[in-house]
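Novice: Input: one structure, supplied below.
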Amino acid sequence: MRLDQSFAILWVVFTFSCIKEMNAGSCGNRLSRRKDIDHLRETLQFENDEQKSEISSLAQQVSDINDKLSTIKEDIGDMKSAMTTLKNGMSQPMLNSSEITDCGEDSSYSGVRTIKTTEGRLFSAYCEQGWTYIFKRFDGSVAFNLTWSEYKKGFGETNAEHFIGLDNLASLLKQRNYEIRIDLATWPETNENPSTRYAEYSDFKVADESDKYRLTIGGYRGTARDSMARHNDTEFTTYDRDNDKLKNASCAKKYKGAWWYTECHDSNLFGLYSPQPKCSGFGECMTWRHWPGKLLPNKDNYWYSFKKASMKIYRK
Ligand SMILES: [Ca+2]
């Protein structure tokens with residue numbers, strides 16, 4: 001409409017001007033210009049129509065996209081609600097059914113389970129065919145040079161490197177009698193045969209915090225030789241809580257770990273994790289002193305750091 005009005009005005013101006021200047025003989029030129037203007041008007045009108053059609057097509061496409069987005073939004077909403085339902089359905093029965101007093105309650109199972117001891121302590125533990133893991137180390141991803149409060153509650157990842165916690169351990173052991181097994185693996189570089197050995201103890205108790213988690217251990221049998229006998233009837237020590245028998249110094253600080261130290265140790269399985277067989281310091285790593293033979297040529301076994309170590313308990 002606006003375009004037509006513009007041309008109408010132009011036409012009136014042109015005609016008026018042509019009549020006015022008729023005598024000057026320039027009206028012929030003006031008429032020719034009028035044809036040009038008509039042609040221009042037609043061209044512009046055509047382009048205008050084309051643009052209108054394009055805009056209309058684009059508007060249709062945007063509308064289609066909006067419709068599709070609405071459908072996708074609805075689908076996402078449906079999926080979210082389905083996931084929530086699934087989550088609730090999974091967590092509720094699993095939490096209840098997985099509460100066992102120790103892994104011996106379901107000896108066919110291997111993996112993480114929720115333990116609830118008879119005195120009501122709730123925590124997760126790693127189960128393996130009836131064995132309940134106390135700690136597991138195999139790659140050094142978790143630091144073990146930690147405080148009393150960290151040892152008290154436990155740390156690490158239950159399905160990876162972890163320690164179950166002294167309060168949880170004491171609570172577990174109160175329920176019934178257990179035997180304990182310590183498994184050790186050397187680094188492949190030593191090419192030992194066998195490179196894995198174990199130590200089992202038929203007597204194993206850990207007291208409450210009130211008795212500083214005092215250890216009772218005895219009745220050895222196995223292939224790794226006994227590096228725990230010296231630690232029987234000792235209290236637990238961390239670098240911030242010295243209960244060891246070494247006067248005027250802390251075994252935990254000296255040997256970079258935490259353990260049932262005397263003055264100080266034959267085993268230091270909570271010591272530093274070394275990325276290689278040789279420990280950076282005497283007795284500071286995952287030590288098992290009485291392993292048969294020399295683990296390093298011409299070196300005391302105190303200088304050796306095992307690749308893997310674990311401790312687990314089994315119902316007697
Ligand atoms: Ca001391």
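In the structure tokens, chains take letters A, B, ... by order of appearance, with residues numbered from 1 within each chain and ligands from 1 in the order shown.
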Kindly work out which residues sit at most 12 Å from ligand 1, using only C-alpha atoms and all ligand atoms, and give the list as a ChimeraX atom specification.

Specialist: /A:235-255,260-264

Novice: Limited to C-alpha atoms, could you put the picked residues into a file as a tab-separated table (two decimals), in the first residue's frame?

Specialist:
```
chain	number	residue	atom	x	y	z
A	235	GLU	CA	47.59	-49.94	71.01
A	236	PHE	CA	47.00	-48.10	67.75
A	237	THR	CA	49.21	-45.10	66.94
A	238	THR	CA	48.87	-42.31	64.38
A	239	TYR	CA	51.17	-39.33	63.85
A	240	ASP	CA	48.88	-37.18	65.97
A	241	ARG	CA	48.26	-39.80	68.71
A	242	ASP	CA	51.33	-41.55	70.10
A	243	ASN	CA	50.42	-44.78	71.94
A	244	ASP	CA	53.53	-46.75	70.97
A	245	LYS	CA	56.28	-48.04	73.23
A	246	LEU	CA	59.06	-45.94	71.73
A	247	LYS	CA	60.07	-43.39	74.33
A	248	ASN	CA	60.42	-39.72	73.38
A	249	ALA	CA	59.48	-40.32	69.73
A	250	SER	CA	56.53	-41.40	67.60
A	251	CYS	CA	56.81	-44.55	65.47
A	252	ALA	CA	54.04	-43.20	63.19
A	253	LYS	CA	56.07	-40.06	62.50
A	254	LYS	CA	59.32	-42.01	62.17
A	255	TYR	CA	57.90	-44.65	59.79
A	260	TRP	CA	49.76	-51.14	66.15
A	261	TYR	CA	53.39	-50.12	66.74
A	262	THR	CA	55.55	-51.35	69.61
A	263	GLU	CA	59.00	-49.75	69.49
A	264	CYS	CA	58.45	-49.81	66.39
```

Novice: I want to know what sits within 8 Å of stretch 215-219 of chain A, based on only C-alpha atoms, with residues of the same chain fewer than 3 positions away left out; could you give that as a list in words?

Specialist: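 So the residues in contact are Glu200, Tyr201, Ser202, Asp203, Phe204, Lys205, Val206, Ala207, Met228, Ala229, His231, Asn232, Asp233, Thr234, Glu235, Phe236 and Trp260 of chain A.
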
Novice: Using only C-alpha atoms, determine which residues lie at most 6 Å from stretch 292-305 of chain A, disregarding the query and same-chain residues fewer than 3 positions distant; provide the list as a PDB file with N, CA and C atoms, in the first residue's frame.

Specialist:
```
ATOM      1  N   PRO A 277      59.669 -51.246  43.853  1.00  0.00           N
ATOM      2  CA  PRO A 277      59.964 -52.202  44.930  1.00  0.00           C
ATOM      3  C   PRO A 277      60.777 -51.603  46.085  1.00  0.00           C
ATOM      4  N   LYS A 278      61.717 -50.727  45.762  1.00  0.00           N
ATOM      5  CA  LYS A 278      62.567 -50.189  46.821  1.00  0.00           C
ATOM      6  C   LYS A 278      61.909 -48.973  47.467  1.00  0.00           C
ATOM      7  N   CYS A 279      61.858 -49.025  48.803  1.00  0.00           N
ATOM      8  CA  CYS A 279      61.278 -47.915  49.562  1.00  0.00           C
ATOM      9  C   CYS A 279      62.292 -46.767  49.662  1.00  0.00           C
ATOM     10  N   PHE A 282      64.127 -46.463  55.172  1.00  0.00           N
ATOM     11  CA  PHE A 282      64.154 -47.707  55.935  1.00  0.00           C
ATOM     12  C   PHE A 282      62.837 -47.904  56.701  1.00  0.00           C
ATOM     13  N   GLY A 283      62.096 -48.975  56.375  1.00  0.00           N
ATOM     14  CA  GLY A 283      60.872 -49.326  57.099  1.00  0.00           C
ATOM     15  C   GLY A 283      59.709 -48.348  56.949  1.00  0.00           C
ATOM     16  N   CYS A 285      57.770 -47.855  54.217  1.00  0.00           N
ATOM     17  CA  CYS A 285      56.722 -48.196  53.239  1.00  0.00           C
ATOM     18  C   CYS A 285      55.892 -49.386  53.722  1.00  0.00           C
ATOM     19  N   MET A 286      55.178 -50.021  52.790  1.00  0.00           N
ATOM     20  CA  MET A 286      54.354 -51.193  53.117  1.00  0.00           C
ATOM     21  C   MET A 286      55.286 -52.381  53.371  1.00  0.00           C
ATOM     22  N   THR A 287      55.719 -52.479  54.625  1.00  0.00           N
ATOM     23  CA  THR A 287      56.764 -53.439  55.006  1.00  0.00           C
ATOM     24  C   THR A 287      56.179 -54.730  55.579  1.00  0.00           C
ATOM     25  N   ARG A 289      58.484 -57.574  57.209  1.00  0.00           N
ATOM     26  CA  ARG A 289      59.898 -57.864  57.431  1.00  0.00           C
ATOM     27  C   ARG A 289      60.268 -59.342  57.252  1.00  0.00           C
TER      28      ARG A 289
END
```

Novice: To one decimal place in Å, what is the distance between atom CA of A:Lys316 and atom CA of A:Asn177?

Specialist: 5.7 Å

Novice: How many Å separate atom CA of A:Lys152 from atom CA of A:Leu122?

Specialist: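 We find that atom CA of A:Lys152 and atom CA of A:Leu122 lie 14.1 Å from each other.
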
Novice: Pick out each residue of stretch 121-295 of chain A that DSSP on the backbone tags as strand (DSSP E or B); I need them as a ChimeraX atom specification.

Specialist: /A:122-128,131-137,155-156,162-163,178-185,196-206,215-222,234,237-238,241,259,267-268,272,278,285,287-288

Novice: Write out as an MDAnalysis selection string the set of residues from stretch 92-295 of chain A that DSSP, computed on the backbone, places in helix (DSSP H, G or I).

Specialist: chainID A and resid 92:97 103:106 148:153 166:175 188:190 209:211 229:231 251:254

Novice: Using only N, CA and C atoms, please write the residues we just selected to a file, as an mmCIF file, in the first residue's frame.

Specialist:
```
data_model
loop_
_atom_site.group_PDB
_atom_site.id
_atom_site.type_symbol
_atom_site.label_atom_id
_atom_site.label_comp_id
_atom_site.auth_asym_id
_atom_site.auth_seq_id
_atom_site.Cartn_x
_atom_site.Cartn_y
_atom_site.Cartn_z
ATOM 1 N N GLN A 92 15.496 -48.151 47.269
ATOM 2 C CA GLN A 92 14.756 -48.529 48.462
ATOM 3 C C GLN A 92 14.951 -49.990 48.859
ATOM 4 N N PRO A 93 14.606 -50.937 47.948
ATOM 5 C CA PRO A 93 14.755 -52.329 48.370
ATOM 6 C C PRO A 93 16.211 -52.736 48.558
ATOM 7 N N MET A 94 17.155 -52.126 47.740
ATOM 8 C CA MET A 94 18.566 -52.521 47.857
ATOM 9 C C MET A 94 19.134 -52.178 49.222
ATOM 10 N N LEU A 95 18.769 -50.983 49.723
ATOM 11 C CA LEU A 95 19.299 -50.546 51.013
ATOM 12 C C LEU A 95 18.882 -51.515 52.118
ATOM 13 N N ASN A 96 17.611 -51.931 52.072
ATOM 14 C CA ASN A 96 17.120 -52.820 53.115
ATOM 15 C C ASN A 96 17.694 -54.226 52.978
ATOM 16 N N SER A 97 17.667 -54.731 51.712
ATOM 17 C CA SER A 97 18.087 -56.121 51.545
ATOM 18 C C SER A 97 19.589 -56.277 51.704
ATOM 19 N N CYS A 103 30.086 -59.901 55.728
ATOM 20 C CA CYS A 103 29.979 -60.502 54.390
ATOM 21 C C CYS A 103 29.717 -62.005 54.460
ATOM 22 N N GLY A 104 29.950 -62.615 55.629
ATOM 23 C CA GLY A 104 29.705 -64.044 55.790
ATOM 24 C C GLY A 104 28.230 -64.397 55.677
ATOM 25 N N GLU A 105 27.373 -63.404 55.779
ATOM 26 C CA GLU A 105 25.937 -63.644 55.717
ATOM 27 C C GLU A 105 25.489 -63.995 54.296
ATOM 28 N N ASP A 106 26.288 -63.615 53.300
ATOM 29 C CA ASP A 106 25.968 -63.934 51.904
ATOM 30 C C ASP A 106 27.282 -64.282 51.206
ATOM 31 N N TRP A 148 44.352 -39.711 63.622
ATOM 32 C CA TRP A 148 43.568 -40.598 64.490
ATOM 33 C C TRP A 148 42.089 -40.583 64.084
ATOM 34 N N SER A 149 41.547 -39.375 63.877
ATOM 35 C CA SER A 149 40.111 -39.304 63.587
ATOM 36 C C SER A 149 39.789 -39.927 62.235
ATOM 37 N N GLU A 150 40.720 -39.853 61.306
ATOM 38 C CA GLU A 150 40.483 -40.488 60.004
ATOM 39 C C GLU A 150 40.535 -42.015 60.123
ATOM 40 N N TYR A 151 41.468 -42.520 60.909
ATOM 41 C CA TYR A 151 41.520 -43.977 61.137
ATOM 42 C C TYR A 151 40.310 -44.450 61.929
ATOM 43 N N LYS A 152 39.835 -43.592 62.812
ATOM 44 C CA LYS A 152 38.659 -43.935 63.624
ATOM 45 C C LYS A 152 37.428 -44.181 62.720
ATOM 46 N N LYS A 153 37.221 -43.291 61.745
ATOM 47 C CA LYS A 153 35.999 -43.422 60.933
ATOM 48 C C LYS A 153 36.203 -44.175 59.605
ATOM 49 N N LEU A 166 38.394 -47.905 62.363
ATOM 50 C CA LEU A 166 38.640 -48.676 63.592
ATOM 51 C C LEU A 166 37.365 -48.914 64.403
ATOM 52 N N ASP A 167 36.478 -47.926 64.452
ATOM 53 C CA ASP A 167 35.208 -48.121 65.182
ATOM 54 C C ASP A 167 34.372 -49.214 64.515
ATOM 55 N N ASN A 168 34.333 -49.188 63.171
ATOM 56 C CA ASN A 168 33.573 -50.213 62.439
ATOM 57 C C ASN A 168 34.195 -51.592 62.641
ATOM 58 N N LEU A 169 35.525 -51.636 62.610
ATOM 59 C CA LEU A 169 36.240 -52.908 62.775
ATOM 60 C C LEU A 169 35.975 -53.503 64.162
ATOM 61 N N ALA A 170 36.107 -52.662 65.202
ATOM 62 C CA ALA A 170 35.871 -53.125 66.577
ATOM 63 C C ALA A 170 34.438 -53.629 66.722
ATOM 64 N N SER A 171 33.494 -52.925 66.090
ATOM 65 C CA SER A 171 32.080 -53.305 66.171
ATOM 66 C C SER A 171 31.828 -54.650 65.473
ATOM 67 N N LEU A 172 32.455 -54.824 64.305
ATOM 68 C CA LEU A 172 32.339 -56.097 63.565
ATOM 69 C C LEU A 172 32.833 -57.266 64.415
ATOM 70 N N LEU A 173 34.025 -57.087 64.997
ATOM 71 C CA LEU A 173 34.703 -58.182 65.698
ATOM 72 C C LEU A 173 33.998 -58.575 66.998
ATOM 73 N N LYS A 174 33.161 -57.648 67.514
ATOM 74 C CA LYS A 174 32.412 -57.937 68.745
ATOM 75 C C LYS A 174 31.302 -58.959 68.500
ATOM 76 N N GLN A 175 30.866 -59.085 67.252
ATOM 77 C CA GLN A 175 29.685 -59.891 66.939
ATOM 78 C C GLN A 175 29.915 -61.390 67.118
ATOM 79 N N PRO A 188 56.202 -57.294 40.137
ATOM 80 C CA PRO A 188 56.597 -58.325 39.162
ATOM 81 C C PRO A 188 58.099 -58.355 38.908
ATOM 82 N N GLU A 189 58.756 -57.201 39.064
ATOM 83 C CA GLU A 189 60.192 -57.115 38.771
ATOM 84 C C GLU A 189 61.032 -58.123 39.559
ATOM 85 N N THR A 190 60.589 -58.482 40.748
ATOM 86 C CA THR A 190 61.388 -59.394 41.564
ATOM 87 C C THR A 190 61.283 -60.837 41.060
ATOM 88 N N GLU A 209 37.770 -47.730 71.189
ATOM 89 C CA GLU A 209 38.646 -46.559 71.308
ATOM 90 C C GLU A 209 39.082 -46.337 72.768
ATOM 91 N N SER A 210 38.190 -46.703 73.720
ATOM 92 C CA SER A 210 38.527 -46.497 75.139
ATOM 93 C C SER A 210 39.803 -47.257 75.522
ATOM 94 N N ASP A 211 40.108 -48.344 74.805
ATOM 95 C CA ASP A 211 41.357 -49.097 75.028
ATOM 96 C C ASP A 211 42.315 -48.879 73.850
ATOM 97 N N ALA A 229 53.411 -61.066 65.164
ATOM 98 C CA ALA A 229 53.529 -61.541 66.562
ATOM 99 C C ALA A 229 54.019 -60.428 67.486
ATOM 100 N N ARG A 230 54.991 -59.672 67.020
ATOM 101 C CA ARG A 230 55.551 -58.585 67.820
ATOM 102 C C ARG A 230 54.514 -57.491 68.129
ATOM 103 N N HIS A 231 53.461 -57.466 67.355
ATOM 104 C CA HIS A 231 52.455 -56.408 67.506
ATOM 105 C C HIS A 231 51.263 -56.800 68.364
ATOM 106 N N CYS A 251 56.542 -43.596 66.557
ATOM 107 C CA CYS A 251 56.806 -44.555 65.467
ATOM 108 C C CYS A 251 56.052 -44.149 64.203
ATOM 109 N N ALA A 252 54.841 -43.605 64.354
ATOM 110 C CA ALA A 252 54.042 -43.204 63.185
ATOM 111 C C ALA A 252 54.746 -42.092 62.415
ATOM 112 N N LYS A 253 55.346 -41.147 63.164
ATOM 113 C CA LYS A 253 56.073 -40.059 62.500
ATOM 114 C C LYS A 253 57.365 -40.599 61.874
ATOM 115 N N LYS A 254 58.041 -41.486 62.632
ATOM 116 C CA LYS A 254 59.320 -42.008 62.173
ATOM 117 C C LYS A 254 59.163 -42.888 60.931
#
```

Novice: Give me the residues of stretch 191-297 of chain A that have any atom at most 10 Å from an atom of stretch 125-141 of chain A; for each, the nearest atom pair and the distance in Å, rounded to one decimal. Use only C-alpha atoms, sort by chain and number, and format it as a Markdown table.

Specialist:
```
| residue | atom | partner | partner_atom | distance |
| --- | --- | --- | --- | --- |
| A:Leu269 | CA | A:Arg137 | CA | 8.9 |
| A:Phe270 | CA | A:Arg137 | CA | 9.0 |
| A:Leu272 | CA | A:Gly140 | CA | 8.3 |
| A:Tyr273 | CA | A:Gly140 | CA | 5.3 |
| A:Ser274 | CA | A:Gly140 | CA | 7.4 |
| A:Pro275 | CA | A:Gly140 | CA | 7.5 |
| A:Met286 | CA | A:Arg137 | CA | 9.4 |
```

Novice: Need to verify the contact set: A:Thr117, 6 Å, only C-alpha atoms, exclusion of same-chain residues closer than 3 positions in sequence. Can you return it as a list of chain:residue names?

Specialist: A:Thr101, A:Gly120, A:Arg121
